[in-house]
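Student: So here's data.txt, just compact mmCIF, C-alpha atoms (C1' of nucleotides) and all ligand atoms:
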# COMPACT_ATOMS: atom_id res chain seq x y z
CA MET E 238 -4.26 -0.91 6.52
CA PHE E 239 -4.38 -3.67 3.93
CA SER E 240 -3.92 -3.91 0.18
CA LYS E 241 -6.96 -4.08 -2.08
CA SER E 242 -6.32 -7.78 -2.70
CA THR E 243 -6.38 -8.47 0.99
CA GLU E 244 -9.49 -6.43 1.54
CA TYR E 245 -11.28 -8.32 -1.24
CA ALA E 246 -10.01 -11.60 0.14
CA LEU E 247 -11.24 -10.89 3.65
CA ARG E 248 -14.65 -9.72 2.50
CA ALA E 249 -14.99 -12.71 0.16
CA VAL E 250 -13.99 -15.17 2.84
CA ILE E 251 -16.51 -13.75 5.26
CA TYR E 252 -19.22 -13.77 2.61
CA ILE E 253 -18.48 -17.35 1.62
CA ALA E 254 -18.46 -18.39 5.25
CA LYS E 255 -21.78 -16.72 5.78
CA TRP E 256 -23.69 -18.08 2.80
CA SER E 257 -22.06 -21.30 1.69
CA SER E 258 -21.92 -24.86 2.87
CA GLU E 259 -20.89 -28.20 1.43
CA SER E 260 -24.34 -28.44 -0.13
CA ASN E 261 -24.57 -24.83 -1.26
CA LYS E 262 -21.66 -23.53 -3.25
CA LEU E 263 -21.35 -19.96 -4.41
CA GLY E 264 -20.27 -18.77 -7.85
CA ILE E 265 -17.75 -16.00 -8.29
CA GLU E 266 -20.38 -13.73 -9.82
CA PRO E 267 -22.66 -13.41 -6.78
CA ILE E 268 -19.66 -13.21 -4.45
CA ALA E 269 -18.06 -10.32 -6.33
CA LYS E 270 -21.38 -8.54 -6.57
CA ALA E 271 -22.08 -8.90 -2.87
CA ILE E 272 -18.71 -7.69 -1.70
CA ASP E 273 -18.44 -5.04 -4.42
CA SER E 274 -15.19 -6.17 -5.99
CA PRO E 275 -13.93 -6.78 -9.54
CA LYS E 276 -15.02 -10.27 -10.54
CA SER E 277 -11.99 -11.71 -12.32
CA PHE E 278 -9.58 -10.18 -9.88
CA THR E 279 -11.48 -11.66 -6.98
CA ALA E 280 -11.48 -15.02 -8.74
CA LYS E 281 -7.70 -14.86 -8.90
CA ILE E 282 -7.45 -14.11 -5.23
CA LEU E 283 -9.79 -16.93 -4.26
CA GLN E 284 -7.88 -19.33 -6.47
CA LYS E 285 -4.80 -18.64 -4.44
CA LEU E 286 -6.73 -19.33 -1.26
CA THR E 287 -8.07 -22.64 -2.54
CA ARG E 288 -4.61 -23.87 -3.50
CA ASN E 289 -3.72 -25.39 -0.18
CA ASN E 290 -7.34 -26.24 0.63
CA ARG E 291 -6.94 -24.88 4.11
CA LEU E 292 -9.66 -22.31 4.13
CA ILE E 293 -11.79 -22.23 1.02
CA LEU E 294 -12.73 -25.16 -1.16
CA SER E 295 -14.00 -25.09 -4.71
CA VAL E 296 -15.46 -27.40 -7.33
CA THR E 297 -15.81 -26.81 -11.04
CA GLY E 298 -18.77 -27.54 -13.23
CA PRO E 299 -22.52 -27.10 -12.81
CA ASN E 300 -23.58 -26.42 -9.26
CA GLY E 301 -19.96 -25.87 -8.48
CA GLY E 302 -18.46 -22.84 -6.81
CA PHE E 303 -16.71 -21.83 -3.63
CA TYR E 304 -17.58 -23.00 -0.15
CA MET E 305 -16.23 -23.55 3.31
CA THR E 306 -16.58 -26.35 5.81
CA GLU E 307 -18.07 -25.59 9.20
CA GLU E 308 -14.70 -26.40 10.68
CA ALA E 309 -12.92 -23.82 8.53
CA LYS E 310 -15.34 -21.18 9.75
CA GLU E 311 -13.69 -21.39 13.15
CA THR E 312 -10.42 -20.03 11.72
CA SER E 313 -9.14 -16.85 13.34
CA MET E 314 -8.67 -13.71 11.28
CA MET E 315 -5.01 -13.82 12.20
CA LYS E 316 -4.67 -17.20 10.51
CA VAL E 317 -6.45 -15.85 7.46
CA LEU E 318 -4.02 -12.95 7.31
CA MET E 319 -1.12 -15.36 7.57
CA LEU E 320 -2.49 -17.42 4.68
CA LEU E 321 -2.70 -14.19 2.71
CA GLU E 322 0.84 -13.31 3.80
CA GLU E 323 -0.34 -9.94 5.00
CA ASP E 324 0.48 -9.92 8.67
CA HIS E 325 2.72 -6.89 8.39
CA ILE E 326 0.61 -4.69 10.72
CA ILE E 327 1.70 -7.05 13.42
CA THR E 328 5.28 -7.28 12.28
CA LYS E 329 6.32 -4.03 10.63
CA CYS E 330 7.70 -0.75 11.95
CA VAL E 331 5.65 2.44 11.79
CA LEU E 332 8.54 4.34 10.23
CA GLY E 333 9.49 1.52 7.89
CA LEU E 334 12.64 0.22 9.56
CA GLN E 335 13.49 -3.27 8.46
CA GLU E 336 12.27 -4.75 11.69
CA CYS E 337 10.23 -3.55 14.60
CA SER E 338 11.94 -4.77 17.72
CA GLU E 339 13.38 -3.77 21.03
CA THR E 340 16.89 -4.28 19.71
CA ASN E 341 16.81 -1.47 17.22
CA PRO E 342 13.66 0.56 17.73
CA CYS E 343 12.56 3.70 15.93
CA PRO E 344 11.43 6.77 17.87
CA MET E 345 7.78 5.75 17.57
CA HIS E 346 8.40 2.30 18.94
CA SER E 347 8.02 3.00 22.64
CA ARG E 348 4.51 4.14 21.92
CA TYR E 349 3.55 1.74 19.16
CA LYS E 350 4.59 -1.33 21.12
CA LEU E 351 1.66 -0.69 23.42
CA ILE E 352 -0.86 -0.79 20.59
CA LYS E 353 0.58 -3.58 18.48
CA PRO E 354 -0.47 -6.34 20.90
CA LEU E 355 -4.00 -4.97 20.89
CA LEU E 356 -4.15 -5.14 17.12
CA LYS E 357 -2.75 -8.62 17.19
CA ASP E 358 -5.24 -9.66 19.79
CA MET E 359 -8.08 -8.26 17.72
CA PHE E 360 -7.21 -10.49 14.79
CA GLU E 361 -6.39 -13.48 16.95
CA SER E 362 -9.53 -13.42 19.01
CA LYS E 363 -11.94 -12.86 16.13
CA THR E 364 -12.85 -15.98 14.19
CA ILE E 365 -14.70 -15.99 10.90
CA ARG E 366 -17.62 -17.42 12.84
CA HIS E 367 -17.72 -14.36 15.06
CA LEU E 368 -17.83 -12.11 12.02
CA ILE E 369 -20.68 -13.94 10.32
CA GLU E 370 -22.61 -13.61 13.52
CA GLU E 371 -22.00 -9.87 13.39
CA LEU E 372 -23.51 -9.89 9.92
CA ASP E 373 -26.86 -10.86 11.46
CA GLU E 374 -26.97 -7.53 13.22
CA GLU E 375 -28.78 -4.57 11.77
CA ASN E 376 -26.79 -2.46 9.25
CA ILE E 377 -23.65 -4.52 9.34
CA THR E 378 -22.44 -5.12 5.81
CA LEU E 379 -19.70 -6.30 3.47
CA GLY E 380 -20.56 -4.21 0.43
CA ASN E 381 -20.71 -0.50 -0.05
CA VAL E 382 -24.11 1.06 0.34
CA LEU E 383 -23.08 3.79 -2.05
CA SER E 384 -22.37 1.28 -4.75
CA ILE E 385 -25.76 -0.37 -4.81
CA GLY E 386 -26.98 -0.29 -8.34
CA ARG E 387 -23.55 0.63 -9.67
CA LYS E 388 -22.48 -1.03 -12.86
CA GLN E 389 -20.50 -4.21 -12.29
CA LYS E 390 -17.17 -4.64 -14.03
CA MET N 268 1.01 0.70 7.75
CA PHE N 269 2.25 3.49 5.51
CA SER N 270 3.51 3.76 1.95
CA LYS N 271 7.24 3.98 1.29
CA SER N 272 6.91 7.67 0.47
CA THR N 273 5.29 8.33 3.80
CA GLU N 274 7.85 6.29 5.68
CA TYR N 275 10.67 8.21 4.02
CA ALA N 276 8.88 11.48 4.70
CA LEU N 277 8.43 10.74 8.38
CA ARG N 278 11.99 9.61 8.87
CA ALA N 279 13.32 12.61 6.95
CA VAL N 280 11.20 15.05 8.92
CA ILE N 281 12.39 13.61 12.21
CA TYR N 282 15.99 13.68 11.04
CA ILE N 283 15.75 17.26 9.85
CA ALA N 284 14.09 18.26 13.10
CA LYS N 285 16.85 16.59 15.05
CA TRP N 286 19.87 18.01 13.25
CA SER N 287 18.87 21.23 11.56
CA SER N 288 18.16 24.79 12.59
CA GLU N 289 17.86 28.12 10.86
CA SER N 290 21.62 28.42 11.01
CA ASN N 291 22.38 24.84 10.08
CA LYS N 292 20.68 23.53 6.98
CA LEU N 293 20.98 19.97 5.77
CA GLY N 294 21.59 18.81 2.21
CA ILE N 295 19.54 16.02 0.66
CA GLU N 296 22.62 13.80 0.46
CA PRO N 297 23.29 13.47 4.20
CA ILE N 298 19.56 13.21 4.92
CA ALA N 299 19.01 10.33 2.51
CA LYS N 300 22.09 8.57 3.78
CA ALA N 301 21.06 8.90 7.40
CA ILE N 302 17.53 7.63 6.93
CA ASP N 303 18.53 5.02 4.37
CA SER N 304 16.33 6.15 1.51
CA PRO N 305 16.80 6.77 -2.24
CA LYS N 306 18.19 10.28 -2.60
CA SER N 307 16.29 11.70 -5.57
CA PHE N 308 13.04 10.15 -4.48
CA THR N 309 13.41 11.63 -1.02
CA ALA N 310 14.17 15.01 -2.59
CA LYS N 311 10.85 14.82 -4.43
CA ILE N 312 9.00 14.03 -1.26
CA LEU N 313 10.62 16.86 0.67
CA GLN N 314 9.88 19.30 -2.12
CA LYS N 315 6.21 18.54 -1.71
CA LEU N 316 6.49 19.21 2.01
CA THR N 317 8.24 22.54 1.50
CA ARG N 318 5.55 23.76 -0.92
CA ASN N 319 3.27 25.24 1.68
CA ASN N 320 6.13 26.12 4.03
CA ARG N 321 4.24 24.70 6.95
CA LEU N 322 6.69 22.14 8.19
CA ILE N 323 9.97 22.10 6.34
CA LEU N 324 11.76 25.07 4.86
CA SER N 325 14.48 25.06 2.26
CA VAL N 326 16.89 27.44 0.60
CA THR N 327 18.84 26.89 -2.60
CA GLY N 328 22.41 27.80 -3.24
CA PRO N 329 25.60 27.41 -1.22
CA ASN N 330 25.01 26.62 2.44
CA GLY N 331 21.44 25.96 1.52
CA GLY N 332 19.43 22.88 2.34
CA PHE N 333 16.46 21.81 4.41
CA TYR N 334 15.68 22.94 7.92
CA MET N 335 12.91 23.43 10.42
CA THR N 336 12.07 26.20 12.84
CA GLU N 337 11.90 25.41 16.53
CA GLU N 338 8.22 26.18 16.35
CA ALA N 339 7.61 23.62 13.61
CA LYS N 340 9.26 20.98 15.76
CA GLU N 341 6.26 21.14 18.07
CA THR N 342 4.00 19.78 15.30
CA SER N 343 2.15 16.58 16.15
CA MET N 344 2.69 13.47 14.08
CA MET N 345 -0.99 13.55 13.26
CA LYS N 346 -0.58 16.94 11.62
CA VAL N 347 2.39 15.64 9.68
CA LEU N 348 0.32 12.72 8.45
CA MET N 349 -2.41 15.10 7.39
CA LEU N 350 0.08 17.21 5.43
CA LEU N 351 1.17 14.00 3.74
CA GLU N 352 -2.46 13.08 3.13
CA GLU N 353 -1.91 9.72 4.70
CA ASP N 354 -4.27 9.69 7.62
CA HIS N 355 -6.14 6.65 6.37
CA ILE N 356 -5.29 4.46 9.38
CA ILE N 357 -7.47 6.78 11.33
CA THR N 358 -10.16 7.05 8.71
CA LYS N 359 -10.34 3.84 6.73
CA CYS N 360 -12.16 0.56 7.27
CA VAL N 361 -10.27 -2.66 8.03
CA LEU N 362 -12.16 -4.52 5.32
CA GLY N 363 -11.93 -1.66 2.84
CA LEU N 364 -15.48 -0.36 2.93
CA GLN N 365 -15.73 3.17 1.61
CA GLU N 366 -16.09 4.60 5.05
CA CYS N 367 -15.59 3.35 8.56
CA SER N 368 -18.52 4.56 10.60
CA GLU N 369 -21.30 3.54 12.90
CA THR N 370 -23.82 4.10 10.15
CA ASN N 371 -22.66 1.31 7.94
CA PRO N 372 -20.09 -0.75 9.78
CA CYS N 373 -18.30 -3.88 8.62
CA PRO N 374 -18.18 -6.98 10.83
CA MET N 375 -14.77 -6.00 12.22
CA HIS N 376 -15.93 -2.55 13.20
CA SER N 377 -17.24 -3.29 16.68
CA ARG N 378 -13.77 -4.44 17.57
CA TYR N 379 -11.69 -2.02 15.58
CA LYS N 380 -13.47 1.02 16.88
CA LEU N 381 -11.89 0.33 20.25
CA ILE N 382 -8.37 0.46 18.84
CA LYS N 383 -8.72 3.27 16.34
CA PRO N 384 -8.86 6.00 19.01
CA LEU N 385 -5.69 4.63 20.55
CA LEU N 386 -3.88 4.83 17.23
CA LYS N 387 -5.20 8.31 16.70
CA ASP N 388 -4.11 9.31 20.15
CA MET N 389 -0.66 7.92 19.52
CA PHE N 390 -0.15 10.22 16.54
CA GLU N 391 -1.85 13.17 18.12
CA SER N 392 0.02 13.10 21.38
CA LYS N 393 3.47 12.58 19.88
CA THR N 394 5.09 15.71 18.56
CA ILE N 395 8.21 15.76 16.45
CA ARG N 396 9.95 17.21 19.52
CA HIS N 397 9.08 14.10 21.51
CA LEU N 398 10.56 11.89 18.82
CA ILE N 399 13.84 13.76 18.58
CA GLU N 400 14.15 13.40 22.32
CA GLU N 401 13.69 9.65 21.89
CA LEU N 402 16.59 9.71 19.48
CA ASP N 403 18.88 10.66 22.35
CA GLU N 404 18.20 7.31 23.97
CA GLU N 405 20.50 4.38 23.46
CA ASN N 406 19.88 2.31 20.30
CA ILE N 407 17.02 4.36 18.97
CA THR N 408 17.51 4.99 15.29
CA LEU N 409 16.10 6.19 11.97
CA GLY N 410 18.26 4.13 9.65
CA ASN N 411 18.67 0.43 9.26
CA VAL N 412 21.54 -1.11 11.13
CA LEU N 413 21.74 -3.82 8.51
CA SER N 414 22.31 -1.26 5.82
CA ILE N 415 25.35 0.38 7.30
CA GLY N 416 28.01 0.35 4.66
CA ARG N 417 25.55 -0.58 1.96
CA LYS N 418 25.97 1.14 -1.33
CA GLN N 419 23.90 4.27 -1.67
CA LYS N 420 21.64 4.66 -4.69
C1' DG Q 245 28.78 39.49 -13.78
C1' DA Q 246 30.83 34.68 -13.84
C1' DC Q 247 31.07 30.55 -11.17
C1' DG Q 248 29.60 27.07 -8.11
C1' DA Q 249 26.46 24.89 -4.87
C1' DA Q 250 22.38 23.79 -3.70
C1' DA Q 251 17.16 22.69 -4.27
C1' DA Q 252 13.16 22.76 -7.83
C1' DA Q 253 11.10 21.01 -11.67
C1' DG Q 254 10.13 17.89 -14.95
C1' DA Q 255 10.89 13.98 -18.01
C1' DC Q 256 11.60 9.34 -17.97
C1' DA Q 257 12.04 4.29 -16.38
C1' DA Q 258 11.17 0.33 -13.63
C1' DA Q 259 8.55 -2.33 -10.62
C1' DA Q 260 4.55 -3.57 -8.27
C1' DA Q 261 -0.36 -3.73 -7.75
C1' DA Q 262 -4.77 -3.96 -9.70
C1' DA Q 263 -7.68 -5.36 -13.22
C1' DT Q 264 -9.19 -7.67 -17.57
C1' DC Q 265 -9.47 -11.05 -21.06
C1' DT Q 266 -8.79 -15.53 -23.20
C1' DT Q 267 -8.24 -20.30 -23.15
C1' DA Q 268 -8.13 -24.67 -20.65
C1' DA Q 269 -9.73 -28.05 -17.52
C1' DA Q 270 -13.17 -30.24 -14.71
C1' DA Q 271 -17.57 -31.87 -13.66
C1' DT Q 272 -22.46 -32.41 -14.45
C1' DT Q 273 -26.38 -33.12 -17.40
C1' DT Q 274 -28.43 -34.85 -21.37
C1' DA Z 206 -19.89 -38.38 -26.04
C1' DA Z 207 -21.58 -33.69 -26.71
C1' DA Z 208 -23.11 -29.55 -24.53
C1' DT Z 209 -23.09 -26.71 -20.63
C1' DT Z 210 -21.51 -24.68 -16.45
C1' DT Z 211 -18.30 -23.63 -13.58
C1' DT Z 212 -13.45 -22.76 -11.68
C1' DA Z 213 -8.23 -22.79 -13.05
C1' DA Z 214 -4.60 -20.99 -15.42
C1' DG Z 215 -2.24 -17.87 -17.90
C1' DA Z 216 -1.43 -13.90 -20.83
C1' DT Z 217 -1.99 -9.21 -21.19
C1' DT Z 218 -3.17 -4.44 -19.95
C1' DT Z 219 -3.69 -0.53 -17.02
C1' DT Z 220 -2.72 2.12 -13.12
C1' DT Z 221 -0.10 3.38 -9.24
C1' DT Z 222 4.02 3.57 -6.79
C1' DT Z 223 8.73 3.91 -6.60
C1' DG Z 224 12.87 5.38 -8.38
C1' DT Z 225 16.36 7.81 -11.58
C1' DC Z 226 18.22 11.23 -14.50
C1' DT Z 227 18.57 15.75 -16.71
C1' DT Z 228 17.78 20.49 -16.87
C1' DT Z 229 16.47 24.79 -14.64
C1' DT Z 230 16.32 28.11 -11.07
C1' DT Z 231 18.04 30.32 -7.03
C1' DC Z 232 21.37 32.27 -4.37
C1' DG Z 233 25.84 33.17 -2.39
C1' DT Z 234 30.82 34.03 -3.37
C1' DC Z 235 34.58 35.52 -5.90
S1 LIG E 501 10.71 -0.13 15.55
FE1 LIG E 501 9.43 1.32 14.65
S2 LIG E 501 7.55 0.79 15.51
FE2 LIG E 501 8.83 -0.69 16.40
S1 LIG E 502 -16.44 -0.07 9.18
FE1 LIG E 502 -14.91 -1.51 8.93
S2 LIG E 502 -13.60 -1.01 10.54
FE2 LIG E 502 -15.14 0.47 10.79
Is it possible to express this structure as structure tokens?
Tutor:
Amino acid sequence: MFSKSTEYALRAVIYIAKWSSESNKLGIEPIAKAIDSPKSFTAKILQKLTRNNRLILSVTGPNGGFYMTEEAKETSMMKVLMLLEEDHIITKCVLGLQECSETNPCPMHSRYKLIKPLLKDMFESKTIRHLIEELDEENITLGNVLSIGRKQK
Amino acid sequence: MFSKSTEYALRAVIYIAKWSSESNKLGIEPIAKAIDSPKSFTAKILQKLTRNNRLILSVTGPNGGFYMTEEAKETSMMKVLMLLEEDHIITKCVLGLQECSETNPCPMHSRYKLIKPLLKDMFESKTIRHLIEELDEENITLGNVLSIGRKQK
DNA sequence: GACGAAAAAGACAAAAAAATCTTAAAATTT
DNA sequence: AAATTTTAAGATTTTTTTGTCTTTTTCGTC
């Protein structure tokens, strides 16, 4: 559904939202370990997200790291996807036509148009806050169980 | 949603289903032109699909080309996706965890699990036959309107 | 059997995505 | 101000995906 970068970004954002605050910043090392992603690559991705300071904030130096404000934690997943410029599930055509629309639909369109709004709604209605609440539930996770104890890159 | 290869494959399959028969085979040239895809690349993709002779058939030589039997046109889109080994929308996790399941769900799972069956149903219930019938409707297309008259690669 | 038309096969190239490594900058502590 | 810790930036590499080109094989026709 999404590219690796986006998957890492989403997991990282949720993790940061869950465990950080203005007074408790998280380093890239623990983040990457927790969400089971390549460290430097994840750093790159987070850097991009800190650029406009809309979602994730960061400070350098000792006790520095990444964090989010309580306000930012209310952001919808749809907004996060837009920041990542990965909202194609909502915009693109199943068969890869240049645009998915009523004007020039593909043969799958009549069926897909019924599902697309549901997908969109899923990402619009879920905020980061909702997801970190899910993380309190039993079993729910951001890393791969299988990878526990695996060597970190 | 899908890779370029898969998009080309799906469009090509639908096109072949629509315009070919045992007595009327289609060359790669007209196929690629109609679905607006790179010719040689599409040839590669179709070759893979003819390997097991399950969906598309081909013959070399004069009056040769690609075609489908009437029987094959009853194949569901889900089966086509499986032949292409691209059924990840149905199997993979939104956040990229190694598996999407109740055992070890991600925080999006509780919501996504409601939509996944709908997506699956969409591909399972639509057969190629259904899609070629759609193509009879006004406006419905497999190529890009914008690309009409564009130079072919 | 030679010729031509088609797909099949395979080598190669380009572009994009994913990942790593190195150096710089920033901030804190001493 | 030096040392340390952390992210930022950038260069580079690797892998995957996409695309092209050339040669081979197959088959029908003359
Ligand atoms: S046009 Fe193809 S899904 Fe809408
Ligand atoms: S586990 Fe992530 S969507 Fe099911």
Student: Show me, as a ChimeraX atom specification, the residues of chain Z whose atoms get within 6 Å of chain E, using all atoms listed in the file for the distance check.
Tutor: /Z:210-212
Student: I'd like to know which of Q:DA268, Q:DC247, Q:DA258, Q:DA263 is closest to chain E, using all atoms listed in the file.
Tutor: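 Counting all atoms listed in the file, the residue closest to chain E is Q:DA263.
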Student: Given a cut-off of 6 Å, what residues near ligand LIG 501 (chain E) show up using all atoms listed in the file, put as a VMD selection string?
Tutor: chain E and resid 330 to 332 337 to 338 342 to 343 345 to 346 349
Student: Would you work out the distance separating atom CA of E:Lys270 from atom CA of E:Leu372, expressed in Å to one decimal?
Tutor: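 Answer for the atom CA of E:Lys270 to atom CA of E:Leu372 separation: 16.7 Å.
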Student: As a PyMOL selection string, please: the residues near stretch 273-276 of chain E (cut-off 7 Å, all atoms listed in the file, same-chain neighbours under 4 positions excluded).
Tutor: chain E and resi 245+265-266+269+280+380-381+390
Student: Select all residues from chain E having any atom no more than 9 Å from an atom of chain N (counting all atoms listed in the file, ignoring ligands), output as a VMD selection string.
Tutor: chain E and resid 238 to 241 243 to 245 247 to 248 251 325 to 326 329 to 336 339 to 349 352 355 to 356 359 363 367 to 372 376 to 383
Student: Distance cut-off 8 Å, counting only C-alpha atoms (C1' of nucleotides) - which residues of chain Q neighbour chain N? Return them as a ChimeraX atom specification.
Tutor: /Q:248-252
Student: List the spatial neighbours of Z:DT217 as a PyMOL selection string - criterion: any atom at most 10 Å away, only C-alpha atoms (C1' of nucleotides), same-chain residues fewer than 2 positions off excluded.
Tutor: (chain Q and resi 264-266) or (chain Z and resi 215+219)
Student: Output the selection as a CSV table (one decimal), in the coordinates of the input - C-alpha atoms (C1' of nucleotides) for each residue.
Tutor:
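Here's the written file again03.csv:
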chain,number,residue,atom,x,y,z
Q,264,DT,C1',-9.2,-7.7,-17.6
Q,265,DC,C1',-9.5,-11.0,-21.1
Q,266,DT,C1',-8.8,-15.5,-23.2
Z,215,DG,C1',-2.2,-17.9,-17.9
Z,219,DT,C1',-3.7,-0.5,-17.0
Student: As an exercise, work out the distance from atom C1' of Z:DT231 to atom CA of N:Val347 in Å and give it to one decimal place.
Tutor: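 We find that atom C1' of Z:DT231 and atom CA of N:Val347 lie 27.2 Å from each other.
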Student: Centre and edge lengths, as AutoDock Vina command-line options, for the axis-aligned box enclosing every listed atom of ligand LIG 502 (chain E) with 6 Å of padding on each of the six sides, in Å to one decimal?
Tutor:
--center_x -15.0 --center_y -0.5 --center_z 9.9 --size_x 14.8 --size_y 14.0 --size_z 13.9
